[in-house]
Every structure is written in C-alpha cells, then in structure tokens.
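Source file: start.tsv. Holds: TSV, C-alpha atoms.
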```tsv
chain	number	residue	atom	x	y	z
A	23	MET	CA	10.52	-29.59	2.00
A	24	LEU	CA	7.80	-30.90	4.29
A	25	PRO	CA	5.43	-33.83	3.66
A	26	SER	CA	1.77	-32.95	3.20
A	27	GLU	CA	0.75	-34.09	6.69
A	28	LEU	CA	3.04	-31.44	8.23
A	29	LEU	CA	1.73	-28.52	6.15
A	30	PHE	CA	-0.65	-25.89	7.54
A	31	SER	CA	-2.79	-23.41	5.61
A	32	HIS	CA	-6.01	-21.46	6.04
A	33	LYS	CA	-8.70	-20.22	3.65
A	34	ARG	CA	-10.46	-16.92	3.32
A	35	GLY	CA	-13.07	-17.06	0.59
A	36	ALA	CA	-11.35	-18.26	-2.57
A	37	GLN	CA	-7.92	-17.38	-1.18
A	38	VAL	CA	-5.58	-19.80	0.55
A	39	TYR	CA	-2.63	-18.77	2.71
A	40	PRO	CA	0.28	-20.65	4.28
A	41	ARG	CA	0.13	-20.66	8.07
A	42	TYR	CA	3.41	-19.31	9.39
A	43	LEU	CA	4.71	-19.84	12.91
A	44	ARG	CA	3.57	-17.61	15.72
A	45	PRO	CA	6.39	-16.04	17.78
A	46	GLU	CA	5.63	-18.22	20.81
A	47	GLN	CA	6.13	-21.33	18.66
A	48	HIS	CA	9.72	-20.41	17.69
A	49	VAL	CA	10.98	-21.95	20.94
A	50	TRP	CA	10.48	-25.43	19.50
A	51	ALA	CA	13.24	-24.83	16.93
A	52	GLU	CA	15.83	-24.33	19.66
A	53	GLN	CA	14.59	-27.33	21.63
A	54	VAL	CA	14.74	-29.61	18.58
A	55	LEU	CA	18.26	-28.45	17.69
A	56	ASN	CA	19.45	-28.89	21.29
A	57	LEU	CA	18.07	-32.41	21.38
A	58	ILE	CA	19.77	-33.30	18.10
A	59	ARG	CA	23.05	-31.87	19.38
A	60	GLU	CA	22.80	-33.97	22.55
A	61	HIS	CA	22.46	-37.11	20.41
A	62	GLN	CA	25.52	-36.65	18.25
A	63	HIS	CA	27.31	-40.04	17.87
A	64	ARG	CA	24.21	-41.84	19.09
A	65	THR	CA	21.79	-43.85	16.98
A	66	ARG	CA	18.94	-42.53	14.89
A	67	GLY	CA	16.58	-44.75	16.88
A	68	GLU	CA	17.61	-43.12	20.18
A	69	LEU	CA	17.22	-39.65	18.67
A	70	GLN	CA	13.79	-40.41	17.22
A	71	ALA	CA	12.62	-41.74	20.60
A	72	ALA	CA	13.80	-38.53	22.26
A	73	LEU	CA	12.03	-36.41	19.64
A	74	ARG	CA	8.79	-38.32	20.19
A	75	ALA	CA	9.13	-37.65	23.91
A	76	LEU	CA	9.60	-33.93	23.13
A	77	GLU	CA	6.37	-33.95	21.15
A	78	GLY	CA	4.57	-35.38	24.19
A	79	ASP	CA	0.98	-34.22	24.47
A	80	SER	CA	1.74	-30.74	23.09
A	81	PRO	CA	-0.80	-29.28	20.63
A	82	ASP	CA	2.28	-28.21	18.67
A	83	TYR	CA	3.48	-31.77	18.14
A	84	ARG	CA	3.29	-31.43	14.34
A	85	ILE	CA	5.42	-28.30	14.51
A	86	VAL	CA	8.04	-30.18	16.52
A	87	ARG	CA	7.86	-32.96	13.94
A	88	GLY	CA	8.26	-30.46	11.11
A	89	PHE	CA	11.32	-28.86	12.68
A	90	ALA	CA	12.83	-32.31	13.21
A	91	HIS	CA	12.13	-33.34	9.61
A	92	LEU	CA	13.89	-30.27	8.19
A	93	ALA	CA	16.81	-30.43	10.60
A	94	LEU	CA	17.46	-34.16	10.16
A	95	ASN	CA	17.43	-33.77	6.37
A	96	ALA	CA	20.45	-31.50	6.84
A	97	ALA	CA	22.22	-33.88	9.25
A	98	GLU	CA	24.44	-36.85	8.36
A	99	PHE	CA	24.13	-40.41	9.62
A	100	THR	CA	26.70	-43.16	9.03
A	101	LEU	CA	27.15	-46.84	9.80
A	102	ALA	CA	28.78	-47.64	13.13
A	103	THR	CA	30.70	-50.63	11.79
A	104	GLY	CA	33.52	-48.88	9.95
A	105	GLU	CA	34.76	-51.21	7.20
A	106	LEU	CA	32.62	-54.13	8.34
A	107	GLU	CA	29.68	-54.98	6.07
A	108	PRO	CA	26.61	-56.00	8.11
A	109	GLU	CA	25.06	-57.95	5.26
A	110	ALA	CA	28.20	-60.08	4.82
A	111	LEU	CA	28.41	-60.59	8.58
A	112	ARG	CA	24.82	-61.81	8.68
A	113	ARG	CA	25.44	-64.32	5.90
A	114	GLU	CA	28.48	-65.72	7.72
A	115	VAL	CA	26.79	-65.92	11.12
A	116	PHE	CA	23.56	-67.40	9.79
A	117	ALA	CA	25.44	-69.98	7.71
A	118	LEU	CA	27.40	-71.12	10.75
A	119	ALA	CA	24.21	-71.23	12.84
A	120	ALA	CA	22.48	-73.39	10.21
A	121	GLU	CA	25.50	-75.67	10.04
A	122	ARG	CA	25.56	-76.21	13.82
A	123	GLY	CA	21.80	-76.51	14.17
A	124	GLY	CA	19.80	-75.75	17.29
A	125	TYR	CA	17.96	-72.62	18.37
A	126	GLY	CA	17.91	-70.30	21.35
A	127	GLU	CA	20.07	-67.73	23.04
A	128	THR	CA	22.72	-70.23	24.13
A	129	GLN	CA	23.31	-71.43	20.57
A	130	ALA	CA	23.30	-67.84	19.24
A	131	ARG	CA	25.88	-66.86	21.83
A	132	GLU	CA	28.13	-69.74	20.86
A	133	VAL	CA	27.98	-68.80	17.17
A	134	LEU	CA	28.78	-65.16	17.93
A	135	GLU	CA	31.71	-66.14	20.15
A	136	ALA	CA	33.03	-68.36	17.36
A	137	VAL	CA	32.92	-65.62	14.71
A	138	ALA	CA	33.83	-62.56	16.82
A	139	PRO	CA	37.61	-63.19	17.17
A	140	ARG	CA	38.05	-63.10	13.40
A	141	TYR	CA	36.94	-59.45	13.47
A	142	ARG	CA	38.62	-58.65	16.79
A	143	LEU	CA	35.27	-57.97	18.42
A	144	ASP	CA	33.51	-59.30	21.47
A	145	ALA	CA	30.28	-61.22	20.97
A	146	GLU	CA	27.94	-58.37	22.01
A	147	THR	CA	29.63	-55.87	19.70
A	148	LEU	CA	29.33	-58.35	16.84
A	149	ARG	CA	25.63	-58.80	17.65
A	150	GLU	CA	25.13	-55.03	17.30
A	151	ALA	CA	27.16	-54.92	14.07
A	152	LEU	CA	24.88	-57.53	12.44
A	153	TYR	CA	22.10	-54.96	12.03
A	154	ALA	CA	24.06	-51.73	11.97
A	155	ASP	CA	22.82	-51.04	8.42
A	156	LEU	CA	19.21	-50.62	9.57
A	157	PRO	CA	18.30	-46.89	9.53
A	158	GLU	CA	17.45	-46.81	13.24
A	159	ASN	CA	20.97	-48.03	14.05
A	160	HIS	CA	22.82	-45.39	12.02
A	161	LEU	CA	24.93	-42.96	14.05
A	162	LEU	CA	24.43	-39.20	13.93
A	163	THR	CA	27.85	-37.93	12.86
A	164	ALA	CA	27.28	-34.43	11.44
A	165	LEU	CA	24.88	-31.90	12.94
A	166	PRO	CA	22.62	-29.67	10.80
A	167	ASP	CA	24.18	-26.28	10.18
A	168	PHE	CA	21.21	-24.31	11.52
A	169	THR	CA	20.63	-21.66	14.12
A	170	PRO	CA	17.13	-21.63	15.63
A	171	ASP	CA	16.27	-18.52	13.60
A	172	LYS	CA	17.43	-20.17	10.36
A	173	LEU	CA	15.37	-23.25	11.13
A	174	VAL	CA	12.31	-21.06	11.72
A	175	ASP	CA	12.92	-19.35	8.35
A	176	ARG	CA	13.24	-22.70	6.59
A	177	TYR	CA	10.07	-23.98	8.25
A	178	ASN	CA	8.03	-20.95	7.14
A	179	LEU	CA	9.40	-21.24	3.62
A	180	ALA	CA	8.49	-24.93	3.55
A	181	GLN	CA	4.90	-24.02	4.45
A	182	ALA	CA	4.79	-21.56	1.54
A	183	GLN	CA	6.32	-24.13	-0.80
A	184	GLY	CA	3.87	-26.85	0.17
A	185	LEU	CA	0.88	-25.03	-1.33
A	186	LEU	CA	2.53	-25.20	-4.74
A	187	TYR	CA	2.36	-29.00	-4.86
A	188	SER	CA	-1.14	-28.71	-6.37
A	189	ALA	CA	-0.68	-25.58	-8.52
A	190	LEU	CA	-2.47	-25.46	-11.87
A	191	TYR	CA	-0.18	-22.63	-12.97
A	192	LEU	CA	1.80	-19.66	-11.68
A	193	ARG	CA	1.94	-16.09	-12.87
A	194	LEU	CA	5.08	-14.26	-11.77
A	195	THR	CA	5.66	-10.53	-12.10
A	196	ALA	CA	9.20	-9.25	-11.67
A	197	HIS	CA	9.82	-5.53	-12.14
A	198	ARG	CA	12.40	-2.83	-11.52
A	199	ASN	CA	15.16	-5.36	-10.92
A	200	VAL	CA	18.74	-5.45	-12.14
A	201	PRO	CA	19.30	-7.63	-15.24
A	202	GLY	CA	21.48	-10.13	-13.37
A	203	GLN	CA	18.56	-11.01	-11.07
A	204	TYR	CA	16.33	-11.67	-14.06
A	205	ARG	CA	18.99	-13.83	-15.64
A	206	ARG	CA	19.35	-16.02	-12.56
A	207	LEU	CA	15.58	-16.26	-12.26
A	208	PHE	CA	15.29	-17.67	-15.78
A	209	GLN	CA	18.22	-20.00	-15.13
A	210	HIS	CA	16.43	-21.44	-12.09
A	211	LEU	CA	13.24	-21.96	-14.09
A	212	LYS	CA	15.23	-24.05	-16.56
A	213	PHE	CA	17.22	-25.83	-13.87
A	214	HIS	CA	14.02	-27.07	-12.25
A	215	GLY	CA	12.62	-28.21	-15.60
A	216	LEU	CA	9.61	-25.86	-15.52
A	217	MET	CA	7.62	-24.96	-18.64
A	218	TYR	CA	7.19	-21.20	-18.94
A	219	ALA	CA	6.48	-18.30	-21.28
A	220	VAL	CA	7.69	-14.70	-20.87
A	221	GLU	CA	6.17	-11.34	-21.76
A	222	GLY	CA	7.44	-7.82	-21.07
A	223	ASN	CA	10.71	-5.94	-21.15
A	224	LEU	CA	13.48	-4.65	-18.90
A	225	ASP	CA	11.85	-1.24	-18.32
A	226	ASP	CA	8.32	-2.39	-17.52
A	227	GLY	CA	9.14	-5.75	-15.97
A	228	TYR	CA	8.38	-9.31	-16.97
A	229	GLN	CA	5.30	-11.49	-16.72
A	230	ILE	CA	6.30	-15.15	-16.49
A	231	TYR	CA	3.66	-17.85	-16.90
A	232	VAL	CA	4.59	-21.24	-15.45
A	233	ASP	CA	2.53	-24.37	-16.06
A	234	GLY	CA	1.92	-26.53	-13.02
A	235	PRO	CA	1.57	-30.28	-12.54
A	236	ALA	CA	-2.23	-30.18	-12.53
A	237	SER	CA	-2.30	-28.58	-15.97
A	238	LEU	CA	-0.43	-31.51	-17.54
A	239	PHE	CA	-2.13	-34.52	-19.10
A	240	LYS	CA	-1.16	-36.47	-16.01
A	241	GLN	CA	-0.56	-34.67	-12.74
A	242	THR	CA	2.73	-35.65	-11.13
A	243	ARG	CA	3.90	-34.88	-7.62
A	244	LYS	CA	7.45	-34.70	-8.91
A	245	TYR	CA	6.64	-31.67	-11.08
A	246	GLY	CA	4.81	-30.04	-8.18
A	247	LEU	CA	7.91	-30.49	-6.03
A	248	GLN	CA	10.00	-28.81	-8.75
A	249	MET	CA	7.69	-25.80	-8.67
A	250	ALA	CA	7.99	-25.64	-4.90
A	251	MET	CA	11.76	-25.96	-5.08
A	252	PHE	CA	11.84	-22.97	-7.45
A	253	LEU	CA	10.27	-20.63	-4.87
A	254	PRO	CA	13.56	-19.86	-3.01
A	255	ALA	CA	15.01	-18.55	-6.30
A	256	LEU	CA	12.14	-16.05	-6.52
A	257	LEU	CA	13.16	-14.68	-3.12
A	258	ARG	CA	16.45	-13.57	-4.74
A	259	VAL	CA	14.57	-11.05	-6.88
A	260	SER	CA	14.16	-7.66	-5.23
A	261	ARG	CA	10.64	-6.88	-6.44
A	262	TRP	CA	8.20	-9.61	-7.39
A	263	GLU	CA	4.66	-10.88	-7.12
A	264	MET	CA	3.35	-14.41	-7.53
A	265	GLU	CA	-0.17	-15.60	-8.08
A	266	ALA	CA	-0.94	-19.31	-8.24
A	267	VAL	CA	-4.16	-21.11	-9.03
A	268	LEU	CA	-4.41	-24.30	-6.95
A	269	GLN	CA	-6.56	-27.39	-7.32
A	270	ARG	CA	-7.70	-28.24	-3.78
A	271	ASP	CA	-10.56	-30.49	-2.73
A	272	GLY	CA	-12.14	-30.35	-6.19
A	273	SER	CA	-12.17	-26.54	-6.46
A	274	GLU	CA	-9.79	-23.81	-7.56
A	275	MET	CA	-8.18	-21.57	-4.98
A	276	ARG	CA	-5.96	-18.48	-5.34
A	277	TYR	CA	-2.60	-18.21	-3.63
A	278	ARG	CA	-0.63	-14.94	-3.66
A	279	LEU	CA	2.83	-13.99	-2.42
A	280	ASP	CA	5.04	-10.99	-3.04
A	281	SER	CA	8.41	-9.55	-2.07
A	282	LEU	CA	6.90	-8.03	1.10
A	283	SER	CA	6.23	-11.50	2.54
A	284	PRO	CA	8.16	-12.59	5.67
A	285	LEU	CA	9.95	-15.32	3.69
A	286	LYS	CA	13.73	-15.24	3.55
A	287	PRO	CA	16.23	-16.85	1.15
A	288	LEU	CA	17.82	-20.08	2.32
A	289	THR	CA	21.40	-19.14	1.52
A	290	ALA	CA	23.65	-16.13	1.18
A	291	ALA	CA	23.52	-13.98	-1.95
A	292	PRO	CA	24.90	-15.76	-5.02
A	293	LEU	CA	28.31	-14.98	-6.40
A	294	ALA	CA	28.52	-12.09	-8.84
A	295	TYR	CA	29.66	-14.42	-11.62
A	296	ASP	CA	28.14	-17.62	-12.96
A	297	SER	CA	31.51	-19.23	-13.67
A	298	LEU	CA	35.22	-18.93	-12.98
A	299	LEU	CA	35.70	-18.07	-16.66
A	300	GLU	CA	33.53	-14.98	-16.30
A	301	GLU	CA	35.16	-13.93	-13.03
A	302	SER	CA	38.67	-14.39	-14.41
A	303	PHE	CA	37.83	-12.35	-17.51
A	304	ALA	CA	36.39	-9.49	-15.42
A	305	ARG	CA	39.39	-9.43	-13.06
A	306	ARG	CA	41.83	-9.34	-15.97
A	307	TRP	CA	39.86	-6.59	-17.70
A	308	GLU	CA	40.22	-4.36	-14.62
A	309	LYS	CA	44.00	-4.45	-15.07
A	310	LEU	CA	43.90	-3.21	-18.68
A	311	ASP	CA	44.67	0.35	-19.67
A	312	THR	CA	41.61	0.86	-21.88
A	313	PRO	CA	38.78	3.41	-22.10
A	314	TRP	CA	36.29	0.57	-22.49
A	315	THR	CA	34.28	-0.02	-19.28
A	316	LEU	CA	33.11	-3.54	-18.48
A	317	GLU	CA	29.63	-3.93	-16.98
A	318	ARG	CA	27.93	-7.11	-15.76
A	319	GLU	CA	24.62	-8.30	-17.30
A	320	VAL	CA	22.97	-5.01	-18.24
A	321	GLU	CA	21.13	-5.98	-21.42
A	322	ILE	CA	18.10	-8.26	-21.78
A	323	VAL	CA	16.96	-9.30	-25.26
A	324	ASP	CA	13.33	-10.36	-25.59
A	325	LEU	CA	13.12	-13.56	-27.65
A	326	LYS	CA	9.32	-13.90	-27.51
A	327	GLY	CA	8.79	-16.51	-24.85
A	328	THR	CA	12.23	-16.39	-23.29
A	329	VAL	CA	15.09	-13.92	-22.93
A	330	PHE	CA	18.80	-13.68	-23.66
A	331	VAL	CA	21.12	-11.82	-21.25
A	332	PRO	CA	24.72	-11.38	-22.48
A	333	ASP	CA	27.37	-11.88	-19.82
A	334	PHE	CA	28.93	-8.43	-20.19
A	335	ALA	CA	28.46	-5.04	-21.80
A	336	LEU	CA	31.40	-2.87	-22.91
A	337	ARG	CA	30.94	0.91	-23.08
A	338	HIS	CA	33.30	3.44	-24.67
A	339	PRO	CA	33.30	7.16	-23.79
A	340	ASP	CA	32.50	7.99	-27.42
A	341	GLY	CA	29.15	6.15	-27.09
A	342	ARG	CA	30.04	2.83	-28.65
A	343	ILE	CA	28.58	-0.28	-26.99
A	344	ALA	CA	29.51	-3.92	-27.43
A	345	HIS	CA	28.50	-7.08	-25.64
A	346	VAL	CA	30.36	-10.26	-24.69
A	347	GLU	CA	28.98	-13.76	-24.22
A	348	ILE	CA	31.35	-16.48	-22.94
A	349	MET	CA	30.62	-20.07	-23.90
A	350	GLY	CA	32.66	-22.40	-21.73
A	351	PHE	CA	30.27	-25.07	-20.50
A	352	TRP	CA	30.00	-28.27	-22.52
A	353	HIS	CA	26.78	-30.18	-22.87
A	354	PRO	CA	25.00	-31.00	-26.15
A	355	ASP	CA	21.68	-29.56	-25.03
A	356	TYR	CA	23.41	-26.41	-23.71
A	357	LEU	CA	25.15	-25.86	-27.05
A	358	ARG	CA	21.96	-26.36	-29.02
A	359	ARG	CA	19.98	-23.93	-26.88
A	360	LYS	CA	22.78	-21.35	-26.74
A	361	LEU	CA	23.30	-21.32	-30.51
A	362	ASP	CA	19.55	-21.02	-31.03
A	363	LYS	CA	19.41	-18.03	-28.69
A	364	LEU	CA	22.36	-16.35	-30.40
A	365	ARG	CA	20.68	-16.71	-33.79
A	366	ARG	CA	17.37	-15.36	-32.52
A	367	ALA	CA	19.00	-12.46	-30.64
A	368	ALA	CA	20.75	-11.38	-33.89
A	369	MET	CA	23.05	-8.89	-32.14
A	370	PRO	CA	25.76	-7.57	-34.50
A	371	ASP	CA	27.54	-5.92	-31.55
A	372	LEU	CA	27.80	-9.23	-29.63
A	373	ILE	CA	31.23	-10.85	-29.38
A	374	VAL	CA	30.87	-14.57	-28.70
A	375	ALA	CA	33.93	-16.02	-26.94
A	376	VAL	CA	34.02	-19.81	-27.32
A	377	SER	CA	36.17	-22.28	-25.44
A	378	GLU	CA	38.09	-24.64	-27.72
A	379	ARG	CA	36.95	-27.44	-25.43
A	380	LEU	CA	33.49	-27.19	-26.98
A	381	ASN	CA	32.70	-29.35	-29.96
A	382	VAL	CA	31.98	-26.38	-32.24
A	383	GLY	CA	33.86	-24.46	-34.92
A	384	ALA	CA	33.61	-21.29	-36.98
A	385	ASP	CA	31.00	-22.88	-39.29
A	386	ASP	CA	28.56	-23.13	-36.37
A	387	PHE	CA	28.57	-19.32	-36.07
A	388	ARG	CA	28.20	-18.39	-39.75
A	389	ASP	CA	24.56	-17.30	-39.35
A	390	ILE	CA	25.23	-15.33	-36.14
A	391	PRO	CA	25.76	-11.61	-36.94
A	392	GLY	CA	28.47	-10.78	-34.39
A	393	PRO	CA	32.09	-11.96	-34.37
A	394	ALA	CA	33.12	-15.24	-32.71
A	395	ILE	CA	36.53	-15.77	-31.16
A	396	PHE	CA	38.00	-18.99	-29.76
A	397	PHE	CA	40.19	-19.30	-26.68
A	398	LYS	CA	42.17	-21.91	-24.77
A	399	GLY	CA	41.87	-22.11	-21.00
A	400	LYS	CA	41.00	-18.56	-19.94
A	401	LEU	CA	39.63	-15.81	-22.16
A	402	GLU	CA	42.26	-13.10	-22.59
A	403	PRO	CA	40.80	-9.56	-22.60
A	404	ARG	CA	43.24	-8.53	-25.34
A	405	GLN	CA	41.48	-10.94	-27.69
A	406	VAL	CA	38.29	-8.96	-27.15
A	407	LEU	CA	40.09	-5.63	-27.49
A	408	ALA	CA	41.52	-6.77	-30.82
A	409	VAL	CA	37.99	-7.40	-32.12
A	410	LEU	CA	36.84	-4.00	-30.89
A	411	ASP	CA	39.81	-2.28	-32.55
A	412	ALA	CA	39.16	-4.14	-35.80
A	413	ALA	CA	35.52	-3.08	-35.73
A	414	ALA	CA	36.54	0.54	-35.11
A	415	GLY	CA	38.99	0.39	-38.04
A	416	ALA	CA	36.36	-1.06	-40.34
A	417	GLY	CA	33.93	1.65	-39.32
A	418	SER	CA	36.35	4.48	-39.99
A	419	ALA	CA	37.22	3.00	-43.38
```

If you took the structure in this file and wrote it as structure tokens, what would it be?
Amino acid sequence: MLPSELLFSHKRGAQVYPRYLRPEQHVWAEQVLNLIREHQHRTRGELQAALRALEGDSPDYRIVRGFAHLALNAAEFTLATGELEPEALRREVFALAAERGGYGETQAREVLEAVAPRYRLDAETLREALYADLPENHLLTALPDFTPDKLVDRYNLAQAQGLLYSALYLRLTAHRNVPGQYRRLFQHLKFHGLMYAVEGNLDDGYQIYVDGPASLFKQTRKYGLQMAMFLPALLRVSRWEMEAVLQRDGSEMRYRLDSLSPLKPLTAAPLAYDSLLEESFARRWEKLDTPWTLEREVEIVDLKGTVFVPDFALRHPDGRIAHVEIMGFWHPDYLRRKLDKLRRAAMPDLIVAVSERLNVGADDFRDIPGPAIFFKGKLEPRQVLAVLDAAAGAGSA
C-alpha cells in the first residue's frame, strides 16, 4: 500500500480515476530495483541516500519514491551486531564514561578501548555497534522478490487501492463465475473484517454491498485500509464490476473498476483446496471404485445476506446428488458461524464431516437436517460412502 502523499488520481465530472503509470515511466521500477540490489548488505541509511539521489530533480520523483516504498516493504533489514545488544552496550559504555568523568573524543576513545576487548572488537567497530539498532543503521539482508514488471503491477494496484481509503460504500457485482471463486471472495470479505450484505443467485450473479469507513459513526483509516486490502481478492474473480462512492474534499465522487481494468493479481492463482483435509479427501476419493463423482464447490445456498458453499458435491449416474462439508478448523467464532450457516442452509442431502479435535458432539447437530459423521486425523472416503449407502437403503425401504 502507498501513503496518501504518493497517490495520484484525476477527476472527470463526478468521476474519479486512479492515475496509472505511463509506459515511459516503467523504467524507474528497474532503476529502483537495481539500486536496491547494489546495496545488499549495506545500511538502510546508505540506500535511502542513494534513492534520494536517484529522485534528483526528476518530475517523476514521487513515482521513484513510490516504487522504493513498495519494494522496501518487501525487503528485509537486520541488525549488524549479531548477538550483541546495542542498548545493553550503550548502558555499559555510558556508565563507564560517567564513572571516569571528562568529555571529548579522547575520553570517548579511552572508554571504547577499555570495553572493546570484552567483546573481541576494536574500538571503531564497537562505536558503530552502539547505535546499530537505529533504523538507518540496519543492514539490507534480503532483496524484494520483484521483477520490474511485477513492481509496476503492484504500483498500479496500489494507486487503485488508495482511492478506497475514503469510500462511503462499495457495490460489487460478480457474475458468471465458478462457485469456488465466489466462495473465496466471501472468505476474503470476512477475513478483512468488512461489513457486507448479499443479493442474487448463482445463475444471475451476486450484488454485494460493502459499508465503508466513512459510513460508520466514526470514520477510521484502519477500516479504509481493510477495504483497500480486499481489492486484490476481487481480481481473482473472472467477471466483476465495482462501484464506490467516495467522500473527497467535502463532496461525493464515483469510482468504478471492472474486470477489464489493467490491474493484475499480486500472487499466483490460489490452491484448488482451502485445506489439506479437503485435498487429502479428494485425492483418496479418486482412488475409490465408486460410481459417485466428486466435484469441487458447485453449489451456492443463498442465506439472505450471506451465502453457504459446501466443500464438495457428489453425483451418481442415477441422478442422486449429495454434498459434503468438512469441519476441521478450530476456533470458537468459526464453530458458531459454521453451525449457524448449517442450520440456515437446512440441506437434508448435506453430509457434515467433523474432526474430533473440535469441541462439538452429536448434540450440536440435532437441529441440522443432514447426517453428521466424526473422524480422526483425515476424513476417510469410505465413511462418506457408508452414509450414502445407508441413505440409499432407507430410500428403497
């Protein structure tokens, strides 16, 4: 993310747009990364001085500064003193100096020469170690994992994110997407602590209304940052539109983005499964000799304001359909929300597989229509098959 002073936008009537980089400005990304690479194992202060020199008198100095901000946030700096603690060294040196009395470079040198042998250092190295914990003295030890093109993409995304700091609310439209993309979208909304309401269905798409920081009783920058941090998750949806109403300079402005924008996701596509439990279950199912076909996240249940997406669907050639939801993550709030969703979904064909590590029992599932099974470690597919066979037997009877 970029601080406000490094954000660029332009207005056209009541519309506001992020200002993306022009092609001729991309060269600064490579120059910033080269400069950072040249300063590996040197101090942050030396690197910052070199970056200021790169800015020079260029009209693009704020772009250089923005590239540097994003790249350095992905770098690592460490103390140069190893196991030595600068604060403890300072206390020892200053105590000895106060004990001996006197001021000036000669006295300081004598104190350093008296203390240095204890740490197997020379006096000048000890002098440097005294203030090694100051940020400007930290050493650059790990370079940012960026190519110039990736840094350009992150910069443009940061410009788009910055406008959301002052959003009154968002309206998102996601349509003609696979259910798994919707599921992850809703998960990211919750992860970032955003308040939202949902309308629509799988066939027609979903309208998602997200309250912004300016709509709260007290506007908070922290909430605005959470909204901005959510934007990369939206880029994972194939087809989407976003409209935001912003509070800027005492008036409301409109801000629109959609899936045709030049923005790109920050990372590679997410894994097909949300957990190792799900992946292990799917892999084991593939090895079974069964007519039941396992499909990933193909059903979305509208719960009036939110949705429920079972982990798997099971289809039989004779037309029967069942669903599987795996509960393996432990957290009190997770359990409360999950049980509430299961009750509201009221799916009699849903098999709920529950890890015995969770602090729940059969009584917690009495008002949930579908069967619940409990497992240790990994969920065995044959447990699920047994439930399906029992249901088939009950139906034929």

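With atom CA of A:Pro391 on one side and atom CA of A:Ile373 on the other, the separation reads 9.4 Å.
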
For each of A:Asp82, A:His63, A:Tyr277, A:Pro201, take the minimum atom-to-atom distance to A:Ala164, counting only C-alpha atoms, then give the residue where this is smallest.
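That would be A:His63, the residue with the smallest distance to A:Ala164.
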
Point (7.6, -30.8, -3.1), cut-off 10 Å, counting only C-alpha atoms, residues as a ChimeraX atom specification
/A:23-26,180,183-188,243-252

Can you tell me, as a PyMOL selection string, what residues are no more than 8 Å from A:Ser260 when counting only C-alpha atoms, ignoring any on the same chain fewer than 3 positions away?
chain A and resi 199+257+281

Quick one: everything within 10 Å of A:Glu308, counting only C-alpha atoms, minus sequence neighbours fewer than 6 positions away in the same chain. Send it as a PDB file with C-alpha atoms, in the frame of the given file.
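Just written: part-v1.pdb:
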```pdb
ATOM      1  CA  THR A 315      34.280  -0.020 -19.280  1.00  0.00           C
ATOM      2  CA  LEU A 316      33.110  -3.540 -18.480  1.00  0.00           C
ATOM      3  CA  PRO A 403      40.800  -9.560 -22.600  1.00  0.00           C
TER       4      PRO A 403
END
```

Counting only C-alpha atoms, what is within 8 Å of A:Leu69, bar same-chain residues fewer than 5 positions away, as a PyMOL selection string?
chain A and resi 57-58+61+64

Which is closer to A:Glu347 than all the others in A:Leu299, A:Val220, A:Leu253, A:Val382, using only C-alpha atoms?
A:Leu299

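With atom CA of A:Ala384 on one side and atom CA of A:Val331 on the other, the separation reads 22.2 Å.
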
Just to confirm, what's the straight-line distance from atom CA of A:Leu361 to atom CA of A:Arg205 in Å (one decimal)?
17.2 Å

List as a PyMOL selection string the protein and nucleic acid residues near A:Gly67, meaning an atom at most 12 Å away when only C-alpha atoms are counted, but skip any in the same chain fewer than 5 places from it.
chain A and resi 58+61+72-74+99+154+156-162

Taking into account all atoms listed in the file, which residue in the set A:Arg198, A:Lys212, A:Arg41, A:Arg84 is nearest to A:Gln181?
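With all atoms listed in the file as the atom set, the closest residue is A:Arg41.
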
Write out as a PDB file with C-alpha atoms, keeping the file's coordinate frame which residues come within 10 Å of A:Glu107 when counting only C-alpha atoms, dropping same-chain ones fewer than 6 positions away.
```pdb
ATOM      1  CA  LEU A 101      27.150 -46.840   9.800  1.00  0.00           C
ATOM      2  CA  ALA A 151      27.160 -54.920  14.070  1.00  0.00           C
ATOM      3  CA  LEU A 152      24.880 -57.530  12.440  1.00  0.00           C
ATOM      4  CA  TYR A 153      22.100 -54.960  12.030  1.00  0.00           C
ATOM      5  CA  ALA A 154      24.060 -51.730  11.970  1.00  0.00           C
ATOM      6  CA  ASP A 155      22.820 -51.040   8.420  1.00  0.00           C
TER       7      ASP A 155
END
```

Between A:Gly350, A:Glu127, A:Gln62, A:Asp280, which residue has the minimum interatomic distance to A:Thr100, considering only C-alpha atoms?
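The shortest atom-to-atom distance to A:Thr100 comes from A:Gln62.
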
Return the single residue from A:Arg337, A:Arg66, A:Arg404, A:Arg149 that is closest to A:Pro108, with distances computed using only C-alpha atoms.
A:Arg149

Add whatever atoms are absent from stretch 363-372 of chain A to reach N, CA, C and O atoms, and provide the output as a short mmCIF file (atom, residue, chain, number, x, y, z; two decimals), in the frame of the given file.
```cif
data_model
loop_
_atom_site.label_atom_id
_atom_site.label_comp_id
_atom_site.auth_asym_id
_atom_site.auth_seq_id
_atom_site.Cartn_x
_atom_site.Cartn_y
_atom_site.Cartn_z
N LYS A 363 19.63 -19.37 -29.25
CA LYS A 363 19.41 -18.03 -28.69
C LYS A 363 20.24 -16.97 -29.40
O LYS A 363 19.78 -15.86 -29.66
N LEU A 364 21.49 -17.31 -29.71
CA LEU A 364 22.36 -16.35 -30.40
C LEU A 364 21.80 -15.99 -31.77
O LEU A 364 21.85 -14.82 -32.19
N ARG A 365 21.26 -16.98 -32.47
CA ARG A 365 20.68 -16.71 -33.79
C ARG A 365 19.45 -15.82 -33.65
O ARG A 365 19.26 -14.87 -34.42
N ARG A 366 18.60 -16.13 -32.68
CA ARG A 366 17.37 -15.36 -32.52
C ARG A 366 17.65 -13.95 -32.00
O ARG A 366 16.94 -13.01 -32.34
N ALA A 367 18.68 -13.79 -31.16
CA ALA A 367 19.00 -12.46 -30.64
C ALA A 367 19.52 -11.55 -31.75
O ALA A 367 19.26 -10.35 -31.75
N ALA A 368 20.27 -12.12 -32.71
CA ALA A 368 20.75 -11.38 -33.89
C ALA A 368 21.39 -10.05 -33.50
O ALA A 368 21.00 -8.99 -33.98
N MET A 369 22.39 -10.09 -32.63
CA MET A 369 23.05 -8.89 -32.14
C MET A 369 24.39 -8.70 -32.86
O MET A 369 25.36 -9.42 -32.57
N PRO A 370 24.49 -7.77 -33.79
CA PRO A 370 25.76 -7.57 -34.50
C PRO A 370 26.88 -7.04 -33.61
O PRO A 370 28.05 -7.17 -33.95
N ASP A 371 26.51 -6.45 -32.46
CA ASP A 371 27.54 -5.92 -31.55
C ASP A 371 27.93 -6.93 -30.47
O ASP A 371 28.62 -6.59 -29.52
N LEU A 372 27.50 -8.19 -30.62
CA LEU A 372 27.80 -9.23 -29.63
C LEU A 372 29.03 -10.02 -30.05
O LEU A 372 29.06 -10.62 -31.13
#
```
